[in-house]
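Enquirer: Next up, model-v1.pdb (PDB, C-alpha atoms).
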ATOM      1  CA  MET A1452       0.000   0.000   0.000
ATOM      2  CA  PRO A1453       1.555   3.374  -0.980
ATOM      3  CA  GLN A1454       2.213   5.994   1.682
ATOM      4  CA  PHE A1455       0.252   9.217   1.602
ATOM      5  CA  ASP A1456       0.674  12.613   3.217
ATOM      6  CA  SER A1457      -0.718  12.474   6.763
ATOM      7  CA  ALA A1458      -2.201  15.968   6.291
ATOM      8  CA  ILE A1459      -4.717  14.553   3.817
ATOM      9  CA  PRO A1460      -7.930  13.379   5.590
ATOM     10  CA  PRO A1461      -8.412   9.575   5.376
ATOM     11  CA  ASN A1462     -11.833   9.960   3.758
ATOM     12  CA  VAL A1463     -10.256  11.991   0.959
ATOM     13  CA  VAL A1464      -7.619   9.285   0.399
ATOM     14  CA  LYS A1465     -10.331   6.635   0.208
ATOM     15  CA  GLN A1466     -12.302   8.668  -2.285
ATOM     16  CA  VAL A1467      -9.238   9.243  -4.479
ATOM     17  CA  ILE A1468      -8.422   5.528  -4.503
ATOM     18  CA  ALA A1469     -12.050   4.658  -5.281
ATOM     19  CA  ASP A1470     -12.101   7.097  -8.200
ATOM     20  CA  HIS A1471      -8.566   6.639  -9.601
ATOM     21  CA  GLY A1472      -7.337   3.264  -8.325
ATOM     22  CA  ASN A1473      -4.543   2.438  -5.858
ATOM     23  CA  MET A1474      -1.676   3.012  -8.308
ATOM     24  CA  PRO A1475      -0.411   6.594  -7.736
ATOM     25  CA  SER A1476       1.917   6.328 -10.735
ATOM     26  CA  GLN A1477      -1.160   6.310 -12.940
ATOM     27  CA  TRP A1478      -2.643   9.495 -11.429
ATOM     28  CA  ASN A1479      -2.102  12.930 -12.915
ATOM     29  CA  ASP A1480       0.864  14.955 -11.607
ATOM     30  CA  GLU A1481      -1.168  17.355  -9.470
ATOM     31  CA  LEU A1482      -2.992  14.540  -7.685
ATOM     32  CA  GLN A1483       0.298  12.705  -7.060
ATOM     33  CA  ASP A1484       1.830  15.859  -5.594
ATOM     34  CA  LEU A1485      -1.199  16.429  -3.375
ATOM     35  CA  LEU A1486      -0.955  13.038  -1.683
ATOM     36  CA  SER A1487       2.817  12.607  -1.815
ATOM     37  CA  PRO A1488       4.478  12.732   1.656
ATOM     38  CA  SER A1489       7.786  13.803   0.058
ATOM     39  CA  ILE A1490       6.442  17.203  -1.057
ATOM     40  CA  SER A1491       5.874  19.848   1.612
ATOM     41  CA  ALA A1492       3.081  22.373   1.294
ATOM     42  CA  ARG A1493       4.800  25.763   1.171
ATOM     43  CA  PRO A1494       2.594  28.747   0.255
ATOM     44  CA  LEU A1495       3.835  31.587  -1.908
ATOM     45  CA  HIS A1496       4.700  34.712   0.091
ATOM     46  CA  LEU A1497       5.115  37.796  -2.044
ATOM     47  CA  PRO A1498       6.704  40.934  -0.577
ATOM     48  CA  GLU A1499       4.032  43.050   1.076
ATOM     49  CA  SER A1500       4.922  46.264  -0.699
ATOM     50  CA  THR A1501       2.448  48.560   1.000
ATOM     51  CA  ARG A1502       2.683  47.039   4.478
ATOM     52  CA  ILE A1503       4.518  48.812   7.270
ATOM     53  CA  LYS A1504       6.738  46.475   9.287
ATOM     54  CA  ALA A1505       7.294  48.816  12.223
ATOM     55  CA  LYS A1506       6.189  52.335  13.147
ATOM     56  CA  LYS A1507       9.167  54.165  14.596
ATOM     57  CA  ASN A1508       7.261  57.380  15.189
ATOM     58  CA  LYS A1509       3.977  56.405  16.832
ATOM     59  CA  GLU A1510       2.696  59.980  17.020
ATOM     60  CA  PHE A1511       1.535  59.797  13.387
ATOM     61  CA  HIS A1512      -0.873  57.826  11.245
ATOM     62  CA  TYR A1513       0.502  56.654   7.886
ATOM     63  CA  PRO A1514      -1.932  56.465   4.941
ATOM     64  CA  TRP A1515      -1.124  56.105   1.247
ATOM     65  CA  ALA A1516      -2.066  58.919  -1.137
ATOM     66  CA  PHE A1517      -2.312  59.113  -4.929
ATOM     67  CA  ASP A1518       0.774  60.801  -6.403
ATOM     68  CA  ARG A1519       1.509  60.046 -10.047
ATOM     69  CA  CYS A1520       4.917  60.689 -11.532
ATOM     70  CA  GLY A1521       6.269  59.981 -15.007
ATOM     71  CA  SER A1522       5.424  61.699 -18.280
ATOM     72  CA  ASP A1523       1.984  62.777 -17.055
ATOM     73  CA  PRO A1524       2.560  63.684 -13.403
ATOM     74  CA  ARG A1525      -0.292  64.549 -11.054
ATOM     75  CA  HIS A1526       0.627  65.785  -7.607
ATOM     76  CA  GLU A1527      -2.577  67.663  -6.766
ATOM     77  CA  ARG A1528      -3.739  65.183  -4.141
ATOM     78  CA  VAL A1529      -0.573  65.136  -2.046
ATOM     79  CA  GLU A1530      -0.096  68.892  -2.350
ATOM     80  CA  ARG A1531      -3.626  69.519  -1.068
ATOM     81  CA  LEU A1532      -3.027  67.116   1.810
ATOM     82  CA  ARG A1533       0.206  68.891   2.683
ATOM     83  CA  GLY A1534      -1.703  72.142   2.736
ATOM     84  CA  ALA A1535      -4.054  70.557   5.277
ATOM     85  CA  GLY A1536      -1.231  69.534   7.618
ATOM     86  CA  TRP A1537      -0.078  66.224   6.150
ATOM     87  CA  ASP A1538       3.544  65.500   5.275
ATOM     88  CA  TYR A1539       5.627  62.879   3.502
ATOM     89  CA  ALA A1540       6.653  59.852   5.566
ATOM     90  CA  THR A1541      10.317  58.803   5.600
ATOM     91  CA  THR A1542      12.381  55.890   6.863
ATOM     92  CA  ALA A1543      12.834  57.830  10.097
ATOM     93  CA  ASP A1544       9.113  57.300  10.673
ATOM     94  CA  VAL A1545       8.550  53.716   9.523
ATOM     95  CA  GLU A1546      10.262  50.501   8.510
ATOM     96  CA  MET A1547       8.708  48.845   5.456
ATOM     97  CA  PHE A1548       8.404  45.127   4.755
ATOM     98  CA  SER A1549       9.704  45.637   1.225
ATOM     99  CA  GLY A1550      12.841  47.633   0.624
ATOM    100  CA  ASP A1551      11.741  48.281  -2.970
ATOM    101  CA  THR A1552       9.349  50.943  -1.703
ATOM    102  CA  ILE A1553      12.247  53.152  -0.564
ATOM    103  CA  LYS A1554      13.133  55.511  -3.418
ATOM    104  CA  ASN A1555      15.586  58.349  -3.784
ATOM    105  CA  LYS A1556      15.579  61.164  -1.226
ATOM    106  CA  ASN A1557      14.038  58.865   1.375
ATOM    107  CA  GLU A1558      10.774  58.728  -0.563
ATOM    108  CA  ILE A1559       8.465  55.804   0.238
ATOM    109  CA  ARG A1560       6.494  54.943  -2.873
ATOM    110  CA  ILE A1561       4.844  52.039  -4.708
ATOM    111  CA  GLY A1562       3.717  52.963  -8.234
ATOM    112  CA  ASP A1563       1.375  55.956  -8.039
ATOM    113  CA  LEU A1564       1.009  55.745  -4.247
ATOM    114  CA  ARG A1565       3.174  57.673  -1.798
ATOM    115  CA  LEU A1566       3.235  57.131   1.937
ATOM    116  CA  MET A1567       2.277  60.197   3.958
ATOM    117  CA  LYS A1568       1.844  60.960   7.631
ATOM    118  CA  ILE A1569      -0.568  62.977   9.711
ATOM    119  CA  PRO A1570      -0.638  63.580  13.490
ATOM    120  CA  LEU A1571      -2.519  60.710  15.097
ATOM    121  CA  MET A1572      -4.972  62.918  16.995
ATOM    122  CA  ARG A1573      -5.814  64.870  13.840
ATOM    123  CA  TRP A1574      -6.449  61.578  12.024
ATOM    124  CA  ARG A1575      -8.797  60.466  14.799
ATOM    125  CA  GLU A1576     -10.684  63.740  14.497
ATOM    126  CA  ILE A1577     -11.065  63.241  10.739
ATOM    127  CA  ARG A1578     -12.291  59.661  11.128
ATOM    128  CA  LYS A1579     -14.773  60.689  13.807
ATOM    129  CA  ALA A1580     -16.161  63.423  11.560
ATOM    130  CA  GLN A1581     -16.549  60.901   8.727
ATOM    131  CA  ASN A1582     -18.284  58.375  10.974
ATOM    132  CA  LEU A1583     -20.653  61.016  12.375
ATOM    133  CA  ALA A1584     -21.519  62.117   8.839
ATOM    134  CA  ALA A1585     -22.273  58.501   7.921
ATOM    135  CA  LEU A1586     -24.458  58.064  11.008
ATOM    136  CA  GLU A1587     -26.317  61.260  10.186
ATOM    137  CA  GLN A1588     -27.272  59.896   6.782
ATOM    138  CA  ILE A1589     -29.016  56.869   8.288
ATOM    139  CA  ASN A1590     -30.397  58.521  11.414
ATOM    140  CA  PRO A1591     -34.150  59.252  11.003
ATOM    141  CA  ARG A1592     -33.915  62.142  13.491
ATOM    142  CA  ARG A1593     -30.956  64.169  12.366
ATOM    143  CA  GLN A1594     -30.066  67.208  14.464
ATOM    144  CA  SER A1595     -28.976  69.294  11.495
ATOM    145  CA  THR A1596     -32.056  68.965   9.284
ATOM    146  CA  GLY A1597     -34.703  67.396  11.500
ATOM    147  CA  PRO A1598     -36.522  64.127  10.895
ATOM    148  CA  MET A1599     -35.782  62.422   7.598
ATOM    149  CA  SER A1600     -38.679  62.515   5.153
ATOM    150  CA  LEU A1601     -39.407  61.771   1.512
ATOM    151  CA  GLU A1602     -38.911  65.441   0.736
ATOM    152  CA  SER A1603     -35.456  65.532   2.330
ATOM    153  CA  MET A1604     -34.444  62.369   0.488
ATOM    154  CA  SER A1605     -35.485  63.749  -2.923
ATOM    155  CA  PRO A1606     -35.769  67.537  -2.586
ATOM    156  CA  GLY A1607     -36.448  68.014  -6.308
ATOM    157  CA  MET A1608     -39.841  66.308  -6.088
ATOM    158  CA  ARG A1609     -43.053  67.541  -4.499
ATOM    159  CA  HIS A1610     -44.467  65.351  -1.755
ATOM    160  CA  TYR A1611     -47.665  65.474   0.209
ATOM    161  CA  MET A1612     -49.682  63.277   2.511
ATOM    162  CA  GLY A1613     -53.194  62.315   1.587
ATOM    163  CA  ASP A1614     -56.023  60.263   2.971
ATOM    164  CA  ASP A1615     -58.862  58.361   1.321
ATOM    165  CA  GLU A1616     -61.403  61.186   1.703
ATOM    166  CA  ALA A1617     -59.091  63.801   0.212
ATOM    167  CA  ILE A1618     -58.198  61.565  -2.703
ATOM    168  CA  ARG A1619     -61.862  60.789  -3.427
ATOM    169  CA  ALA A1620     -62.775  64.475  -3.240
ATOM    170  CA  ALA A1621     -60.115  65.374  -5.827
ATOM    171  CA  ALA A1622     -61.094  62.569  -8.202
ATOM    172  CA  HIS A1623     -62.842  63.431 -11.475
ATOM    173  CA  VAL A1624     -64.267  60.376 -13.186
ATOM    174  CA  SER A1625     -64.713  60.540 -16.941
ATOM    175  CA  SER A1626     -65.518  58.202 -19.782
ATOM    176  CA  ALA A1627     -62.490  56.382 -21.153
ATOM    177  CA  GLN A1628     -63.953  56.492 -24.670
ATOM    178  CA  GLN A1629     -64.548  60.252 -24.478
ATOM    179  CA  ASP A1630     -61.036  60.828 -23.123
ATOM    180  CA  LEU A1631     -59.477  58.843 -25.963
ATOM    181  CA  GLN A1632     -61.486  60.782 -28.534
ATOM    182  CA  SER A1633     -60.448  64.059 -26.898
ATOM    183  CA  ILE A1634     -56.752  63.120 -26.880
ATOM    184  CA  ALA A1635     -56.955  61.963 -30.529
ATOM    185  CA  ALA A1636     -58.381  65.363 -31.434
ATOM    186  CA  GLY A1637     -55.506  67.141 -29.674
ATOM    187  CA  GLY A1638     -57.289  67.789 -26.407
ATOM    188  CA  ASP A1639     -56.811  66.530 -22.873
ATOM    189  CA  ALA A1640     -58.499  63.903 -20.780
ATOM    190  CA  ALA A1641     -61.387  65.298 -18.787
ATOM    191  CA  GLY A1642     -60.844  63.125 -15.748
ATOM    192  CA  ASN A1643     -58.057  61.861 -13.543
ATOM    193  CA  ALA A1644     -59.663  58.704 -12.193
ATOM    194  CA  SER A1645     -61.546  55.643 -13.279
ATOM    195  CA  VAL A1646     -64.046  53.337 -11.654
ATOM    196  CA  ALA A1647     -63.321  49.658 -11.375
ATOM    197  CA  LYS A1648     -66.402  47.515 -11.356
ATOM    198  CA  VAL A1649     -66.021  44.507  -9.111
ATOM    199  CA  LYS A1650     -68.451  41.644  -9.183
ATOM    200  CA  LEU A1651     -68.876  39.950  -5.846
ATOM    201  CA  VAL A1652     -69.460  36.234  -5.908
ATOM    202  CA  THR A1653     -70.989  34.620  -2.882
ATOM    203  CA  LEU A1654     -70.205  30.984  -2.302
ATOM    204  CA  GLU A1655     -72.932  29.100  -0.427
ATOM    205  CA  SER A1656     -72.070  25.850   1.242
ATOM    206  CA  GLU A1657     -74.486  22.984   0.902
ATOM    207  CA  GLU A1658     -75.081  20.513   3.663
ATOM    208  CA  ASN A1659     -75.057  16.908   2.592
TER     209      ASN A1659
END
Using the file provided, produce a representation of the structure as structure tokens.

Expert:
Amino acid sequence: MPQFDSAIPPNVVKQVIADHGNMPSQWNDELQDLLSPSISARPLHLPESTRIKAKKNKEFHYPWAFDRCGSDPRHERVERLRGAGWDYATTADVEMFSGDTIKNKNEIRIGDLRLMKIPLMRWREIRKAQNLAALEQINPRRQSTGPMSLESMSPGMRHYMGDDEAIRAAAHVSSAQQDLQSIAAGGDAAGNASVAKVKLVTLESEEN
């Protein structure tokens, strides 16, 4: 009996043998490798380019920002962030998992992303403001604009509340045939409602 990798559940081994026979040399290469005890399972670990290995300066938060270089550079995003108190992160602030992210002049970059830093307390203030804004959107009783309503959700549309009596009072029933003739002649329909005739059927039970 051939030896199989102990990491493979016994029920899986039985199923493989039932489906493919007990001669591993006749299996396809991938199936042989899966059950072979001589091959270790070693996952692929790629360098984590954007991951920070250690934060040397813990007084800052370190997000990535869009900053495109090359023949069509675009630095508007990072320049606006710098104007709001952000700055470029350096190797004095962080240690990266991948050394390939360290460019010239101590610039930490991966493609069109550049690592920046912002004081930790300021970052917490920004995140809190964003979370409060998100909560306000789903809160039916917002402090800034009052209770949420259909009108506040779609301000470009007119909304009103009506009841059965008001709707019946505003209804003008007209003949469908007359309305069609009027529209065909270039006019308008005379009414805004129609009457549906419902026939009630009463089922009587018979005693046997």

Enquirer: Fewer than 3 positions away in the same chain doesn't count, so skip those; otherwise give me all residues within 6 Å of range 1478-1491 of chain A, counting only C-alpha atoms, as a ChimeraX atom specification.

Expert: /A:1455-1456,1475

Enquirer: My list of candidates is A:Asp1639, A:Asp1563, A:Asp1470, A:Glu1546. Which is closest to Lys1506 in chain A when distances are computed with only C-alpha atoms?

Expert: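 Residue with the minimum atom-to-atom distance to Lys1506 in chain A: A:Glu1546.
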
Enquirer: Running the PyMOL selection byres ((chain A and resi 1572-1583) around 10) on this model by hand, what would come out? Give it as a ChimeraX atom specification.

Expert: /A:1510-1514,1536-1537,1568-1571,1584-1588

Enquirer: Can you spit out the residues from that selection as a PDB file, in the frame of the given file, using C-alpha atoms?

Expert:
ATOM      1  CA  GLU A1510       2.696  59.980  17.020  1.00  0.00           C
ATOM      2  CA  PHE A1511       1.535  59.797  13.387  1.00  0.00           C
ATOM      3  CA  HIS A1512      -0.873  57.826  11.245  1.00  0.00           C
ATOM      4  CA  TYR A1513       0.502  56.654   7.886  1.00  0.00           C
ATOM      5  CA  PRO A1514      -1.932  56.465   4.941  1.00  0.00           C
ATOM      6  CA  GLY A1536      -1.231  69.534   7.618  1.00  0.00           C
ATOM      7  CA  TRP A1537      -0.078  66.224   6.150  1.00  0.00           C
ATOM      8  CA  LYS A1568       1.844  60.960   7.631  1.00  0.00           C
ATOM      9  CA  ILE A1569      -0.568  62.977   9.711  1.00  0.00           C
ATOM     10  CA  PRO A1570      -0.638  63.580  13.490  1.00  0.00           C
ATOM     11  CA  LEU A1571      -2.519  60.710  15.097  1.00  0.00           C
ATOM     12  CA  ALA A1584     -21.519  62.117   8.839  1.00  0.00           C
ATOM     13  CA  ALA A1585     -22.273  58.501   7.921  1.00  0.00           C
ATOM     14  CA  LEU A1586     -24.458  58.064  11.008  1.00  0.00           C
ATOM     15  CA  GLU A1587     -26.317  61.260  10.186  1.00  0.00           C
ATOM     16  CA  GLN A1588     -27.272  59.896   6.782  1.00  0.00           C
TER      17      GLN A1588
END

Enquirer: Hey, can you check how far CA of Ile1553 in chain A sits from CA of Arg1493 in chain A?

Expert: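 If I compute the distance from CA of Ile1553 in chain A to CA of Arg1493 in chain A, I get 28.4 Å.
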
Enquirer: Taking (2.8, 45.4, 3.8) in the coordinates of the supplied file, I want to know which residues reach to within 12 Å of it, counting only C-alpha atoms; could you give the answer as a PyMOL selection string?

Expert: chain A and resi 1496-1505+1515+1545-1552+1561+1566

Enquirer: For the residues in that selection, give me C-alpha atoms as a JSON list (two decimals), in the frame of the given file.

Expert:
[["chain", "number", "residue", "atom", "x", "y", "z"],
["A", 1496, "HIS", "CA", 4.70, 34.71, 0.09],
["A", 1497, "LEU", "CA", 5.12, 37.80, -2.04],
["A", 1498, "PRO", "CA", 6.70, 40.93, -0.58],
["A", 1499, "GLU", "CA", 4.03, 43.05, 1.08],
["A", 1500, "SER", "CA", 4.92, 46.26, -0.70],
["A", 1501, "THR", "CA", 2.45, 48.56, 1.00],
["A", 1502, "ARG", "CA", 2.68, 47.04, 4.48],
["A", 1503, "ILE", "CA", 4.52, 48.81, 7.27],
["A", 1504, "LYS", "CA", 6.74, 46.48, 9.29],
["A", 1505, "ALA", "CA", 7.29, 48.82, 12.22],
["A", 1515, "TRP", "CA", -1.12, 56.10, 1.25],
["A", 1545, "VAL", "CA", 8.55, 53.72, 9.52],
["A", 1546, "GLU", "CA", 10.26, 50.50, 8.51],
["A", 1547, "MET", "CA", 8.71, 48.84, 5.46],
["A", 1548, "PHE", "CA", 8.40, 45.13, 4.76],
["A", 1549, "SER", "CA", 9.70, 45.64, 1.23],
["A", 1550, "GLY", "CA", 12.84, 47.63, 0.62],
["A", 1551, "ASP", "CA", 11.74, 48.28, -2.97],
["A", 1552, "THR", "CA", 9.35, 50.94, -1.70],
["A", 1561, "ILE", "CA", 4.84, 52.04, -4.71],
["A", 1566, "LEU", "CA", 3.24, 57.13, 1.94]]

Enquirer: With all atoms listed in the file as the basis for distance, which of A:Asn1462, A:His1623, A:Met1567, A:Gly1638 is at the shortest distance from Arg1533 in chain A?

Expert: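 When distances to Arg1533 in chain A are compared using all atoms listed in the file, the smallest one comes from A:Met1567.
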
Enquirer: Using CA of Asp1538 in chain A and CA of Ser1522 in chain A as the two end points, give the distance in Å to one decimal.

Expert: 23.9 Å

Enquirer: Identify which of the residues A:Ala1641, A:Ala1516, A:Ala1540, A:Val1624 lies closest to Lys1554 in chain A, counting only C-alpha atoms when measuring atom-to-atom distances.

Expert: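 Looking only at the distances to Lys1554 in chain A, the closest residue turns out to be A:Ala1540.
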
Enquirer: Any chance you could work out the residue set of the PyMOL selection byres ((chain A and resi 1557) around 9) here, as a PDB file with C-alpha atoms, in the frame of the given file?

Expert:
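Final output, saved to selection.pdb:
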ATOM      1  CA  ALA A1540       6.653  59.852   5.566  1.00  0.00           C
ATOM      2  CA  THR A1541      10.317  58.803   5.600  1.00  0.00           C
ATOM      3  CA  THR A1542      12.381  55.890   6.863  1.00  0.00           C
ATOM      4  CA  ALA A1543      12.834  57.830  10.097  1.00  0.00           C
ATOM      5  CA  ILE A1553      12.247  53.152  -0.564  1.00  0.00           C
ATOM      6  CA  LYS A1554      13.133  55.511  -3.418  1.00  0.00           C
ATOM      7  CA  ASN A1555      15.586  58.349  -3.784  1.00  0.00           C
ATOM      8  CA  LYS A1556      15.579  61.164  -1.226  1.00  0.00           C
ATOM      9  CA  GLU A1558      10.774  58.728  -0.563  1.00  0.00           C
ATOM     10  CA  ILE A1559       8.465  55.804   0.238  1.00  0.00           C
TER      11      ILE A1559
END

Enquirer: CA of Asn1508 in chain A to CA of Arg1560 in chain A: how many Å, to one decimal?

Expert: 18.2 Å

Enquirer: Run the PyMOL selection byres ((chain A and resi 1518) around 8) against the file shown and list the residues it catches, as a ChimeraX atom specification.

Expert: /A:1516-1517,1519-1520,1524-1529,1563-1565
